[in-house]
Structure formats: C-alpha cells, structure tokens
file start_10.cif (mmCIF, C-alpha atoms)
data_work
loop_
_atom_site.label_atom_id
_atom_site.label_comp_id
_atom_site.auth_asym_id
_atom_site.auth_seq_id
_atom_site.Cartn_x
_atom_site.Cartn_y
_atom_site.Cartn_z
CA MET H 3 -152.60 27.22 20.40
CA LEU H 4 -148.85 26.74 20.68
CA LEU H 5 -148.47 28.74 23.92
CA LEU H 6 -151.14 26.68 25.68
CA THR H 7 -149.49 23.49 24.48
CA ILE H 8 -146.11 24.65 25.78
CA LEU H 9 -147.60 25.51 29.18
CA ASP H 10 -149.41 22.16 29.33
CA ILE H 11 -146.19 20.30 28.57
CA LEU H 12 -144.24 22.39 31.09
CA LEU H 13 -146.77 21.72 33.85
CA ILE H 14 -146.85 18.00 33.10
CA VAL H 15 -143.07 17.72 32.96
CA VAL H 16 -142.41 19.79 36.08
CA GLY H 17 -145.16 18.06 38.05
CA GLY H 18 -144.22 14.60 36.83
CA VAL H 19 -140.49 15.00 37.42
CA GLY H 20 -141.14 16.49 40.85
CA MET H 21 -143.40 13.60 41.89
CA GLY H 22 -140.98 11.07 40.43
CA TYR H 23 -138.09 12.57 42.36
CA GLN H 24 -140.13 12.49 45.57
CA ALA H 25 -140.92 8.81 44.98
CA LEU H 26 -137.24 8.06 44.33
CA CYS H 27 -136.25 9.78 47.57
CA ILE H 28 -138.80 7.74 49.51
CA LEU H 29 -137.47 4.47 48.06
CA ILE H 30 -133.87 5.45 48.80
CA SER H 31 -134.76 6.40 52.35
CA LEU H 32 -136.54 3.11 52.95
CA PHE H 33 -133.93 0.76 51.52
CA ALA H 34 -130.54 2.51 51.46
CA LYS H 35 -128.23 2.71 54.43
CA PRO H 36 -128.35 6.28 55.79
CA VAL H 37 -125.22 8.38 56.03
CA VAL H 38 -123.79 8.32 59.56
CA PHE H 39 -120.79 10.43 60.50
CA PRO H 40 -117.85 8.95 62.41
CA ALA H 41 -116.91 9.98 65.94
CA ALA H 42 -114.95 13.22 66.11
CA PRO H 43 -112.99 15.20 68.73
CA MET H 44 -115.21 17.58 70.66
CA ASP H 45 -112.83 20.52 70.51
CA LYS H 46 -114.51 23.08 68.22
CA ARG H 47 -115.95 26.29 69.63
CA TYR H 48 -119.51 27.21 68.64
CA ALA H 49 -121.75 30.25 68.96
CA VAL H 50 -125.51 29.82 69.21
CA LEU H 51 -127.50 32.61 67.53
CA ILE H 52 -131.10 33.09 68.64
CA SER H 53 -133.49 35.76 67.43
CA ALA H 54 -136.14 36.30 70.10
CA ARG H 55 -139.12 38.61 70.22
CA ASN H 56 -141.09 38.42 73.47
CA GLU H 57 -140.06 34.82 74.14
CA GLU H 58 -139.69 34.88 77.92
CA ALA H 59 -142.02 31.87 78.22
CA VAL H 60 -139.89 29.51 76.16
CA ILE H 61 -136.31 30.68 75.74
CA GLY H 62 -135.21 29.39 79.13
CA ASN H 63 -136.04 25.82 78.07
CA LEU H 64 -133.76 26.06 75.04
CA ILE H 65 -130.89 27.61 77.00
CA ARG H 66 -131.10 24.86 79.64
CA ASP H 67 -131.10 22.22 76.89
CA ILE H 68 -127.91 23.77 75.50
CA GLN H 69 -126.31 23.83 78.94
CA LEU H 70 -127.08 20.12 79.45
CA GLN H 71 -125.50 18.93 76.21
CA SER H 72 -123.08 16.00 76.05
CA TYR H 73 -120.75 18.35 74.14
CA PRO H 74 -118.49 20.42 76.42
CA THR H 75 -120.63 23.41 77.31
CA ASP H 76 -117.61 25.64 77.88
CA LEU H 77 -117.15 25.48 74.10
CA ILE H 78 -120.71 26.72 73.42
CA ASP H 79 -121.63 30.39 73.87
CA ILE H 80 -125.21 31.62 73.62
CA TRP H 81 -125.94 34.91 71.83
CA VAL H 82 -129.49 36.25 71.78
CA VAL H 83 -130.78 39.26 69.91
CA ALA H 84 -133.76 40.54 71.88
CA ASP H 85 -135.61 41.98 68.91
CA ASN H 86 -138.12 44.71 69.78
CA CYS H 87 -138.95 42.94 73.03
CA THR H 88 -141.45 44.39 75.48
CA ASP H 89 -141.17 41.55 78.00
CA SER H 90 -138.37 40.06 80.13
CA THR H 91 -136.70 37.98 77.40
CA ALA H 92 -133.36 39.79 77.75
CA GLN H 93 -133.30 39.43 81.52
CA VAL H 94 -134.16 35.72 81.38
CA VAL H 95 -131.22 35.15 79.04
CA ARG H 96 -128.82 37.16 81.19
CA ASP H 97 -129.91 35.31 84.33
CA LEU H 98 -129.08 32.02 82.59
CA GLY H 99 -125.63 33.19 81.52
CA GLY H 100 -126.29 34.08 77.87
CA ASN H 101 -125.06 37.11 75.94
CA VAL H 102 -127.77 39.59 74.96
CA VAL H 103 -127.85 42.21 72.23
CA GLU H 104 -130.99 44.34 72.33
CA ARG H 105 -132.41 45.71 69.07
CA PHE H 106 -135.16 48.28 68.60
CA ASP H 107 -136.09 48.84 64.96
CA THR H 108 -139.69 48.96 63.76
CA THR H 109 -138.83 49.62 60.11
CA GLN H 110 -136.68 46.59 59.27
CA ILE H 111 -138.75 43.80 60.75
CA GLY H 112 -138.00 40.10 60.67
CA LYS H 113 -135.61 37.38 61.75
CA GLY H 114 -133.20 38.09 58.89
CA TYR H 115 -132.65 41.69 59.98
CA ALA H 116 -132.30 40.61 63.62
CA LEU H 117 -129.59 38.07 62.75
CA THR H 118 -127.79 40.71 60.68
CA TYR H 119 -127.77 43.09 63.64
CA LEU H 120 -126.57 40.38 66.02
CA LEU H 121 -123.71 39.18 63.81
CA ASN H 122 -122.67 42.73 62.91
CA THR H 123 -122.40 43.49 66.61
CA MET H 124 -120.33 40.36 67.18
CA ILE H 125 -118.05 41.14 64.22
CA GLU H 126 -117.49 44.75 65.26
CA SER H 127 -116.58 43.72 68.80
CA ARG H 128 -114.42 40.88 67.42
CA ALA H 129 -116.41 38.40 69.51
CA ALA H 130 -117.21 36.45 66.32
CA ASP H 131 -113.52 35.67 65.78
CA ALA H 132 -113.53 33.09 68.57
CA TYR H 133 -115.88 30.60 66.90
CA ASP H 134 -115.39 27.82 64.38
CA ALA H 135 -119.08 27.83 63.41
CA PHE H 136 -122.47 29.34 64.26
CA PHE H 137 -125.76 27.61 65.08
CA VAL H 138 -129.16 29.21 64.42
CA PHE H 139 -132.15 28.30 66.60
CA ASP H 140 -135.59 29.71 67.28
CA ALA H 141 -136.42 30.55 70.88
CA ASP H 142 -139.10 27.83 71.15
CA ASN H 143 -136.76 24.99 70.13
CA ARG H 144 -135.82 22.02 72.31
CA LEU H 145 -132.75 19.86 71.73
CA ASP H 146 -131.81 16.23 72.22
CA GLU H 147 -128.90 16.10 74.69
CA HIS H 148 -126.50 14.85 71.99
CA TYR H 149 -127.46 17.47 69.40
CA PHE H 150 -124.13 19.38 69.40
CA GLU H 151 -122.08 16.20 69.63
CA GLU H 152 -123.77 14.84 66.50
CA MET H 153 -123.60 18.10 64.53
CA ASN H 154 -119.92 18.39 65.45
CA LYS H 155 -119.31 15.04 63.73
CA GLY H 156 -120.75 16.39 60.48
CA PHE H 157 -118.79 19.62 60.78
CA GLN H 158 -115.52 17.80 61.42
CA SER H 159 -116.25 15.57 58.42
CA GLY H 160 -115.81 18.60 56.19
CA PHE H 161 -119.27 20.17 55.78
CA ARG H 162 -119.33 23.95 56.12
CA ILE H 163 -123.15 24.09 56.34
CA LEU H 164 -125.34 21.51 58.08
CA THR H 165 -128.99 21.00 58.92
CA SER H 166 -130.60 18.54 61.34
CA TYR H 167 -133.60 16.30 62.03
CA ARG H 168 -136.66 18.43 62.82
CA ASN H 169 -139.33 17.04 65.13
CA SER H 170 -142.07 18.74 67.15
CA VAL H 171 -143.00 19.16 70.82
CA ASN H 172 -146.72 19.50 70.07
CA LEU H 173 -147.50 17.22 67.11
CA SER H 174 -150.39 15.61 68.95
CA GLU H 175 -152.07 18.87 70.03
CA ASN H 176 -154.44 19.07 67.05
CA TRP H 177 -154.73 18.52 63.31
CA VAL H 178 -153.04 21.84 62.48
CA SER H 179 -149.90 21.24 64.54
CA SER H 180 -149.78 17.61 63.35
CA GLY H 181 -149.93 18.66 59.69
CA SER H 182 -146.97 20.99 60.06
CA ALA H 183 -144.99 18.55 62.20
CA LEU H 184 -145.52 15.61 59.83
CA TRP H 185 -144.40 17.78 56.92
CA PHE H 186 -141.06 18.57 58.61
CA ILE H 187 -140.53 14.98 59.79
CA ARG H 188 -141.23 13.77 56.25
CA GLU H 189 -138.74 16.28 54.89
CA SER H 190 -136.02 15.10 57.28
CA ARG H 191 -136.66 11.36 56.94
CA PHE H 192 -137.35 11.05 53.23
CA LEU H 193 -135.86 14.09 51.50
CA SER H 194 -132.78 15.22 53.40
CA ALA H 195 -131.58 11.70 54.17
CA SER H 196 -131.95 10.69 50.51
CA ARG H 197 -130.18 13.78 49.26
CA MET H 198 -127.23 12.87 51.45
CA TRP H 199 -127.15 9.32 50.04
CA LEU H 200 -127.27 10.73 46.49
CA GLY H 201 -124.42 13.12 47.23
CA ASN H 202 -126.79 16.01 46.63
CA SER H 203 -127.15 19.19 48.67
CA CYS H 204 -129.82 19.57 51.34
CA HIS H 205 -131.50 22.82 52.32
CA VAL H 206 -131.69 24.45 55.73
CA GLY H 207 -134.97 25.09 57.48
CA GLY H 208 -135.63 28.23 59.45
CA THR H 209 -134.02 26.68 62.51
CA GLY H 210 -131.65 23.92 63.52
CA PHE H 211 -128.77 24.62 61.18
CA MET H 212 -125.15 25.73 61.35
CA PHE H 213 -122.60 27.44 59.12
CA SER H 214 -118.84 27.81 59.42
CA GLN H 215 -116.76 30.87 60.20
CA SER H 216 -115.63 30.98 56.55
CA VAL H 217 -119.23 31.03 55.29
CA MET H 218 -120.08 33.78 57.76
CA ARG H 219 -117.09 35.84 56.57
CA ARG H 220 -118.00 35.33 52.94
CA ASN H 221 -121.48 36.67 53.65
CA LYS H 222 -120.07 39.46 55.85
CA GLY H 223 -122.32 38.26 58.65
CA TRP H 224 -125.90 37.62 57.59
CA LYS H 225 -127.18 39.26 54.40
CA PHE H 226 -130.48 37.44 53.84
CA HIS H 227 -133.69 39.39 54.37
CA LEU H 228 -136.39 37.90 52.12
CA LEU H 229 -139.50 36.45 53.75
CA THR H 230 -137.87 33.01 53.66
CA GLU H 231 -134.34 33.98 54.62
CA ASP H 232 -133.40 30.33 55.23
CA LEU H 233 -134.24 29.36 51.64
CA GLU H 234 -132.44 32.46 50.36
CA PHE H 235 -129.35 31.41 52.33
CA THR H 236 -129.61 27.91 50.84
CA MET H 237 -129.78 29.17 47.26
CA ASP H 238 -126.91 31.60 47.75
CA SER H 239 -124.77 28.84 49.27
CA LEU H 240 -125.62 26.46 46.44
CA LEU H 241 -124.61 29.04 43.84
CA HIS H 242 -121.29 29.44 45.67
CA GLY H 243 -120.67 25.71 45.27
CA ASP H 244 -121.42 24.64 48.86
CA ARG H 245 -122.92 21.25 49.58
CA ILE H 246 -125.25 21.45 52.56
CA GLY H 247 -125.12 18.35 54.71
CA TYR H 248 -127.73 16.67 56.90
CA VAL H 249 -127.17 15.08 60.31
CA GLY H 250 -130.10 12.76 60.98
CA THR H 251 -128.85 11.90 64.47
CA ALA H 252 -129.01 15.54 65.63
CA ILE H 253 -132.60 15.93 66.76
CA LEU H 254 -134.35 19.27 67.27
CA TYR H 255 -137.93 19.88 68.39
CA ASP H 256 -139.94 23.02 67.70
CA GLU H 257 -143.41 24.25 68.50
CA GLN H 258 -145.90 24.29 65.62
CA PRO H 259 -148.83 26.71 65.21
CA VAL H 260 -152.02 25.33 66.75
CA THR H 261 -154.66 27.52 65.10
CA PHE H 262 -155.48 27.46 61.41
CA ALA H 263 -155.23 31.26 61.26
CA GLN H 264 -151.65 31.16 62.61
CA SER H 265 -150.73 28.37 60.24
CA TRP H 266 -152.29 30.17 57.27
CA ARG H 267 -150.38 33.38 58.05
CA GLN H 268 -147.11 31.51 58.46
CA ARG H 269 -147.51 29.51 55.24
CA LEU H 270 -148.60 32.58 53.33
CA ARG H 271 -145.28 34.17 54.28
CA TRP H 272 -143.45 31.03 53.20
CA SER H 273 -145.30 30.90 49.87
CA LYS H 274 -144.61 34.57 49.19
CA GLY H 275 -140.99 33.96 50.17
CA PHE H 276 -140.70 31.10 47.69
CA LEU H 277 -141.86 33.43 44.93
CA GLN H 278 -139.32 36.04 46.03
CA VAL H 279 -136.47 33.51 46.07
CA PHE H 280 -137.48 32.15 42.65
CA ARG H 281 -137.51 35.67 41.25
CA TYR H 282 -134.02 36.49 42.52
CA TYR H 283 -132.32 33.09 42.29
CA GLY H 284 -134.32 31.02 39.77
CA PRO H 285 -132.53 32.18 36.60
CA ALA H 286 -129.09 31.66 38.17
CA LEU H 287 -130.10 28.17 39.30
CA VAL H 288 -131.24 27.25 35.79
CA ARG H 289 -127.97 28.55 34.34
CA ARG H 290 -125.94 26.56 36.87
CA ALA H 291 -127.98 23.43 36.18
CA ILE H 292 -127.24 23.73 32.44
CA LYS H 293 -123.63 24.93 32.51
CA GLU H 294 -122.34 22.97 35.50
CA ARG H 295 -124.66 19.97 35.11
CA ASP H 296 -125.28 20.40 38.82
CA PHE H 297 -128.00 18.02 39.98
CA ALA H 298 -128.52 20.06 43.15
CA ALA H 299 -129.38 23.08 40.99
CA ILE H 300 -131.94 20.96 39.11
CA ASP H 301 -133.34 19.69 42.41
CA PHE H 302 -133.85 23.18 43.81
CA THR H 303 -135.17 24.56 40.54
CA LEU H 304 -137.97 21.99 40.85
CA LEU H 305 -138.43 22.96 44.51
CA LEU H 306 -138.75 26.67 43.71
CA CYS H 307 -140.80 26.34 40.52
CA PRO H 308 -143.98 28.43 41.00
CA PHE H 309 -146.36 25.64 39.96
CA THR H 310 -149.46 27.46 41.21
CA LEU H 311 -148.54 30.64 39.34
CA LEU H 312 -147.95 28.70 36.12
CA THR H 313 -151.33 26.97 36.54
CA MET H 314 -153.07 30.32 37.07
CA ILE H 315 -151.45 31.70 33.91
CA ARG H 316 -152.48 28.60 31.97
CA ILE H 317 -156.11 28.81 33.11
CA ALA H 318 -156.32 32.55 32.41
CA LEU H 319 -154.84 32.19 28.91
CA GLY H 320 -157.13 29.26 28.16
CA ALA H 321 -160.16 31.32 29.12
CA ILE H 322 -159.00 34.30 27.03
CA TYR H 323 -158.34 32.14 23.96
CA ALA H 324 -161.71 30.40 24.37
CA ALA H 325 -163.50 33.76 24.71
CA PHE H 326 -161.99 34.90 21.40
CA GLY H 327 -162.76 31.61 19.68
CA PHE H 328 -159.16 30.43 19.23
CA VAL H 329 -159.90 27.24 21.20
CA THR H 330 -163.13 25.61 22.35
CA TRP H 331 -164.55 25.92 25.83
CA GLN H 332 -164.96 22.15 25.81
CA SER H 333 -161.20 21.64 25.43
CA GLN H 334 -160.48 24.00 28.31
CA LEU H 335 -163.06 22.37 30.55
CA GLY H 336 -161.44 19.04 29.69
CA SER H 337 -158.08 20.38 30.84
CA LEU H 338 -159.65 21.67 34.05
CA PHE H 339 -161.25 18.25 34.64
CA ASN H 340 -157.83 16.61 34.29
CA TRP H 341 -156.37 18.99 36.86
CA VAL H 342 -159.20 18.16 39.28
CA ASN H 343 -158.39 14.49 38.80
CA GLY H 344 -154.79 15.33 39.61
CA ILE H 345 -155.91 16.93 42.87
CA VAL H 346 -157.83 13.77 43.81
CA TYR H 347 -154.78 11.62 43.17
CA SER H 348 -152.73 14.08 45.20
CA ILE H 349 -155.07 13.61 48.16
CA ILE H 350 -154.59 9.85 48.03
CA PHE H 351 -150.83 10.26 47.69
CA MET H 352 -150.65 12.65 50.65
CA MET H 353 -152.65 10.32 52.90
CA ALA H 354 -150.29 7.49 51.97
CA LEU H 355 -147.29 9.74 52.57
CA ALA H 356 -148.53 10.77 56.03
CA ALA H 357 -149.22 7.13 56.92
CA LEU H 358 -145.78 6.05 55.72
CA THR H 359 -144.10 8.84 57.69
CA ILE H 360 -145.90 7.72 60.84
CA VAL H 361 -145.05 4.05 60.32
CA VAL H 362 -141.38 4.65 59.58
CA GLU H 363 -140.84 7.29 62.28
CA ARG H 364 -143.27 5.92 64.89
CA LYS H 365 -140.67 5.91 67.69
CA GLN H 366 -139.93 9.59 67.06
CA ILE H 367 -143.59 10.69 67.19
CA GLY H 368 -145.35 11.36 70.48
CA ALA H 369 -149.02 10.55 69.87
CA THR H 370 -151.48 7.71 70.38
CA ASN H 371 -152.42 5.40 67.51
CA LYS H 372 -155.94 6.85 67.51
CA GLU H 373 -154.59 10.37 67.15
CA LEU H 374 -152.20 9.33 64.41
CA PHE H 375 -154.99 7.69 62.42
CA ALA H 376 -156.98 10.93 62.63
CA TYR H 377 -153.97 12.95 61.54
CA VAL H 378 -153.46 10.75 58.48
CA LEU H 379 -157.01 11.63 57.43
CA SER H 380 -156.54 15.35 58.14
CA PHE H 381 -153.11 15.70 56.53
CA PRO H 382 -154.52 16.12 52.98
CA ILE H 383 -156.74 18.97 54.23
CA TYR H 384 -153.72 20.68 55.69
CA MET H 385 -151.74 20.24 52.47
CA LEU H 386 -154.59 21.19 50.11
CA SER H 387 -154.99 24.47 51.96
CA TYR H 388 -151.70 25.37 50.29
CA VAL H 389 -153.65 25.80 47.03
CA PRO H 390 -155.57 28.94 48.13
CA ILE H 391 -152.55 30.06 50.17
CA SER H 392 -150.33 29.88 47.08
CA PHE H 393 -152.99 31.70 45.07
CA GLN H 394 -153.20 34.47 47.70
CA ALA H 395 -149.39 34.71 47.86
CA VAL H 396 -149.27 35.85 44.24
CA PHE H 397 -151.26 38.99 45.09
CA ALA H 398 -150.89 39.52 48.84
CA LYS H 399 -148.25 41.54 50.64
CA ALA H 400 -147.18 38.99 53.23
CA GLU H 401 -145.22 40.31 56.20
CA TRP H 402 -143.20 38.72 58.96
CA LYS H 403 -145.20 38.42 62.18
CA PRO H 404 -144.19 36.54 65.34
CA ILE H 405 -146.18 33.49 66.49
CA GLU H 406 -146.94 33.31 70.18
CA HIS H 407 -145.42 30.22 71.81
CA LYS H 408 -146.86 28.49 74.85
CA GLY H 409 -143.67 26.92 76.10
CA GLY H 410 -143.97 26.01 79.74
CA SER H 411 -142.17 23.00 81.16
CA ALA H 412 -143.20 20.51 78.50
CA GLU H 413 -140.52 18.04 77.46
CA PRO H 414 -140.27 16.60 73.95
CA ALA H 415 -142.97 13.96 73.86
CA VAL H 416 -140.85 11.22 72.31
CA GLU H 417 -138.31 8.68 73.47
CA SER H 418 -135.70 9.59 70.87
CA SER H 419 -131.99 10.11 71.39
CA ALA H 420 -128.98 10.30 69.16
CA GLU H 421 -127.79 6.87 70.29
CA GLN H 422 -131.14 5.27 69.43
CA HIS H 423 -131.12 6.94 66.04
CA ALA H 424 -127.56 5.80 65.36
CA VAL H 425 -128.31 2.21 66.41
CA GLU H 426 -131.34 2.09 64.11
CA SER H 427 -129.27 3.53 61.26
CA ALA H 428 -126.50 0.99 61.77
CA ALA H 429 -129.01 -1.85 61.83
CA GLN H 430 -130.40 -0.99 58.39
#
call {"tool": "encode", "arguments": {"input": "start_10.cif", "output": "structure tokens"}}
result
Amino acid sequence: MLLLTILDILLIVVGGVGMGYQALCILISLFAKPVVFPAAPMDKRYAVLISARNEEAVIGNLIRDIQLQSYPTDLIDIWVVADNCTDSTAQVVRDLGGNVVERFDTTQIGKGYALTYLLNTMIESRAADAYDAFFVFDADNRLDEHYFEEMNKGFQSGFRILTSYRNSVNLSENWVSSGSALWFIRESRFLSASRMWLGNSCHVGGTGFMFSQSVMRRNKGWKFHLLTEDLEFTMDSLLHGDRIGYVGTAILYDEQPVTFAQSWRQRLRWSKGFLQVFRYYGPALVRRAIKERDFAAIDFTLLLCPFTLLTMIRIALGAIYAAFGFVTWQSQLGSLFNWVNGIVYSIIFMMALAALTIVVERKQIGATNKELFAYVLSFPIYMLSYVPISFQAVFAKAEWKPIEHKGGSAEPAVESSAEQHAVESAAQ
C-alpha cells in the first residue's frame, strides 16, 4: 500500500540522515580544530538564576563555587527562587549572601514556572535592569573556577545565548549515572563542538546556559513552561533567528540520577516534552527550513522528529492492512525483522560511541579503567531503555517531579580546568 511505502521511506530517510549527521559530527569533532574564543575584558555584570526545591544539601556547594570564580565576583549576583521549599534552602542561600525569592504555588509546578516567577519579581523591582546577561543553573551543579571567565569570552564575542560543557560529579557511581553522564559528555564533545565548527546553532540543556538582557526582554522574562522548557527555549530562539553558541572551555558538573526508577521518570518527562515541543514548534521549524534554507532548522527538525511514534503508527497500520488482506503478514513480519536488525546494529554503534567518548574525553572523566569498561557494556542497555520510555511517553501524563540530590562535600572527580581544555584545543 502507498501509505505504508511512504512511512517506510520516511523512517529510512529520517533515521539514515540522522545517523549520517551524527557520524559527520563525530568526524568533525575528532579532526577539526575546535572553536576557542579570544580573551575578553571581564567587565560585564551577570545574574545567576537558580530554581531550588528542598536543596539545602547541595546549593551551598554551587554558591561557594560561584564565589570562588576567577571572574570578578562583585559582578556576579546570585538569585534563588526557593520553590515550594519545606527545608532550609532559603536560609542557606541568605547566609551565603544570595538573594532569595520564595514561591508557594502547588498548581503551576515545575522549573519553568519557578523561573518565570523569579524573573517577573526581578523585572517588577527593576533589579533585572542591572545585568548584561543571565545564567541558569540547577542547585546541584558544580563549576570549574574559570567557568564565568570562559562564558564571558563567548558573550563578548557576540553570542546572545550560550551553553557550556556538561560533565558529572557522580559518573562512576553506577551504570545508571554513567549512562546519563556519558550521554551529556558525548553531546558536548561531539555534537555541540561540531555545530559550532559548522556555523550551526547549538541547543541549551536544562542547566549551564546563559542569555542576554535583550533576549530576556524579548521573552518578557521567562515564558517557557513545557516539560522540557530548555528545548522549548531553544526552538523559540532559533525561530527568532538566534544562533546559540557553545563554550567548550566552560565546564559544569551536575549530579545524575543513581536509581533506574529516577532515571526512567526523568527521561519519561524528557520524552513527553520532546513530543510537546514537536507539536508546538515542529511545523514552524519545517517551514523555516524550507523558506529560509536554514540548516539549523533542518538539524533540530531531525532532533525533534518523533521516530518512535512514527514507528508505532507504521506497525499498527501494517497489522491493520494485513488483517484485512491488503498486504501479507509475511511482508509485515519481514519489515519487523529488519527493524530488529536495526536495533542490533544500534547496540553495536552505541557501545562504540560510549567507548569513543571515554577515549577522547578520558581526562575529563573520573572513573577507573575497569569501571569505564563496564560502563561501555552497560551504555546500550541505558540507551535501549529509551524505546519503552518513548512508547510510554505517547500515552502517559508525565509530570515534573524533583530528584533528590545527595550533595555533601564531594568535589568534581576530574582534573579538568579551563586552561587544560584550552591548551588541548590549541594543540589540535
């Protein structure tokens, strides 16, 4: 049937182009000289925005990291929205010299709403007027001491939105945390760095990014409230013609989920959020890709494409057509067999990708060789769990729920610094 043929072609094209683009990015990252920003005056004033819900165990570490930056700390102000907190988060922040806005709202739940409340408060009091740009962090983050100095270079080079290198404080804790950490390191090293070399736009993660005063004013604060508000912000910025930059020498560490249940819940929210963003922004991205010949719009159309949903529709239609005798069951089983083969090849590819990430970024990863070998073997399991998660996301009502962070006094378990990263970049 024609419809089945069209879906088959669409799946093959989308999957093939997506894999080909990933391979191109890997090659570029391995052999091209990465983009490094020149030195810049450290004279811009920045506000740090942190949404925190019962984060008394970890938020002090982040604030101290900010206060120990190589960038002049009198030009960095910390603003925390204590969002429905029942612990001492607000008091911890005040004791360390940060500004606190307390929010109590059990109907509009999530980081997006908390950031909206925080920025609205700052705008109404005119406190927001004092800043050239705004950073967004999660309360569990840790920062390299040169983080602001490096991001300032990108900002002063003309970028109005920037993201940074995302590492982890607990990659080596178990196979769940390692899977998530390796995914973000891979994204920074192979995808964001290559997009910069191509002159393409990057996308911000949920933390470790900044946007200018002009972008904040255009958005009238923060207007993004889907389950993946960071991706929504990226798509909106792209459609406004912004190019999002990446600063590979600005290194951030976050804490990954350590139980499979936590990871499943978090990735279910992400998967549902991807579907939401595709629904609201997908058609506009396709139009921009065609009318403007914007490669970034093509890139992010591939990123957002609901491949799992298309596959489910294809399988369901094939079964219906076979049941009514329009096609043979043998042909549909043959198609299913081909998809299973594709999954097997994906497993091999993901193991190779995890191994390559570890080899290339070995100095940035805090784990023993034995642990890393085990995590290469477990990485495909972590990634393949996205299949049922994506399937569930089509039907489930995913909601934002906080993840408990351990925190404590742990330091980032790597020997990285901005200078080391810059030296390695210059040597390539």
call {"tool": "closest_residue", "arguments": {"input": "start_10.cif", "among": "H:Arg128, H:Arg245, H:Glu151, H:Thr88", "to": "H:Ile163", "atoms": "all atoms listed in the file"}}
result
H:Arg245
call {"tool": "closest_residue", "arguments": {"input": "start_10.cif", "among": "H:Ala135, H:Leu121, H:Ile253, H:Leu319", "to": "H:Ser214", "atoms": "all atoms listed in the file"}}
result
H:Ala135
call {"tool": "resolve_selection", "arguments": {"input": "start_10.cif", "expression": "the PyMOL selection byres ((chain H and resi 269-285) around 10)", "output": "VMD selection string"}}
result
chain H and resid 182 228 to 235 237 to 238 241 263 to 268 286 to 291 299 302 to 308 311 387 to 388 390 to 403
call {"tool": "closest_residue", "arguments": {"input": "start_10.cif", "among": "H:Phe186, H:Tyr133, H:Tyr384, H:Phe139", "to": "H:Ile65", "atoms": "all atoms listed in the file"}}
result
H:Phe139
call {"tool": "residues_around", "arguments": {"input": "start_10.cif", "residues": "H:Ile80", "least_positions_apart": "2", "cutoff": "8 Å", "atoms": "only C-alpha atoms", "output": "list in words"}}
result
Ala49, Val50, Leu51, Ile52, Ile65, Ile78, Val82, Gly100 and Asn101 of chain H
call {"tool": "atom_distance", "arguments": {"input": "start_10.cif", "atom1": "atom CA of H:Ser333", "atom2": "atom CA of H:Leu9"}}
result
14.6 Å
call {"tool": "atom_distance", "arguments": {"input": "start_10.cif", "atom1": "atom CA of H:Ser31", "atom2": "atom CA of H:Arg197"}}
result
9.2 Å
call {"tool": "atom_distance", "arguments": {"input": "start_10.cif", "atom1": "atom CA of H:Leu32", "atom2": "atom CA of H:Ser203"}}
result
19.1 Å
call {"tool": "closest_residue", "arguments": {"input": "start_10.cif", "among": "H:Val171, H:Ala141, H:Ala129, H:Val60", "to": "H:Asp85", "atoms": "all atoms listed in the file"}}
result
H:Ala141
call {"tool": "resolve_selection", "arguments": {"input": "start_10.cif", "expression": "the PyMOL selection byres ((chain H and resi 370) around 12)", "output": "PyMOL selection string"}}
result
chain H and resi 173-175+360+364-365+367-369+371-377+415-416
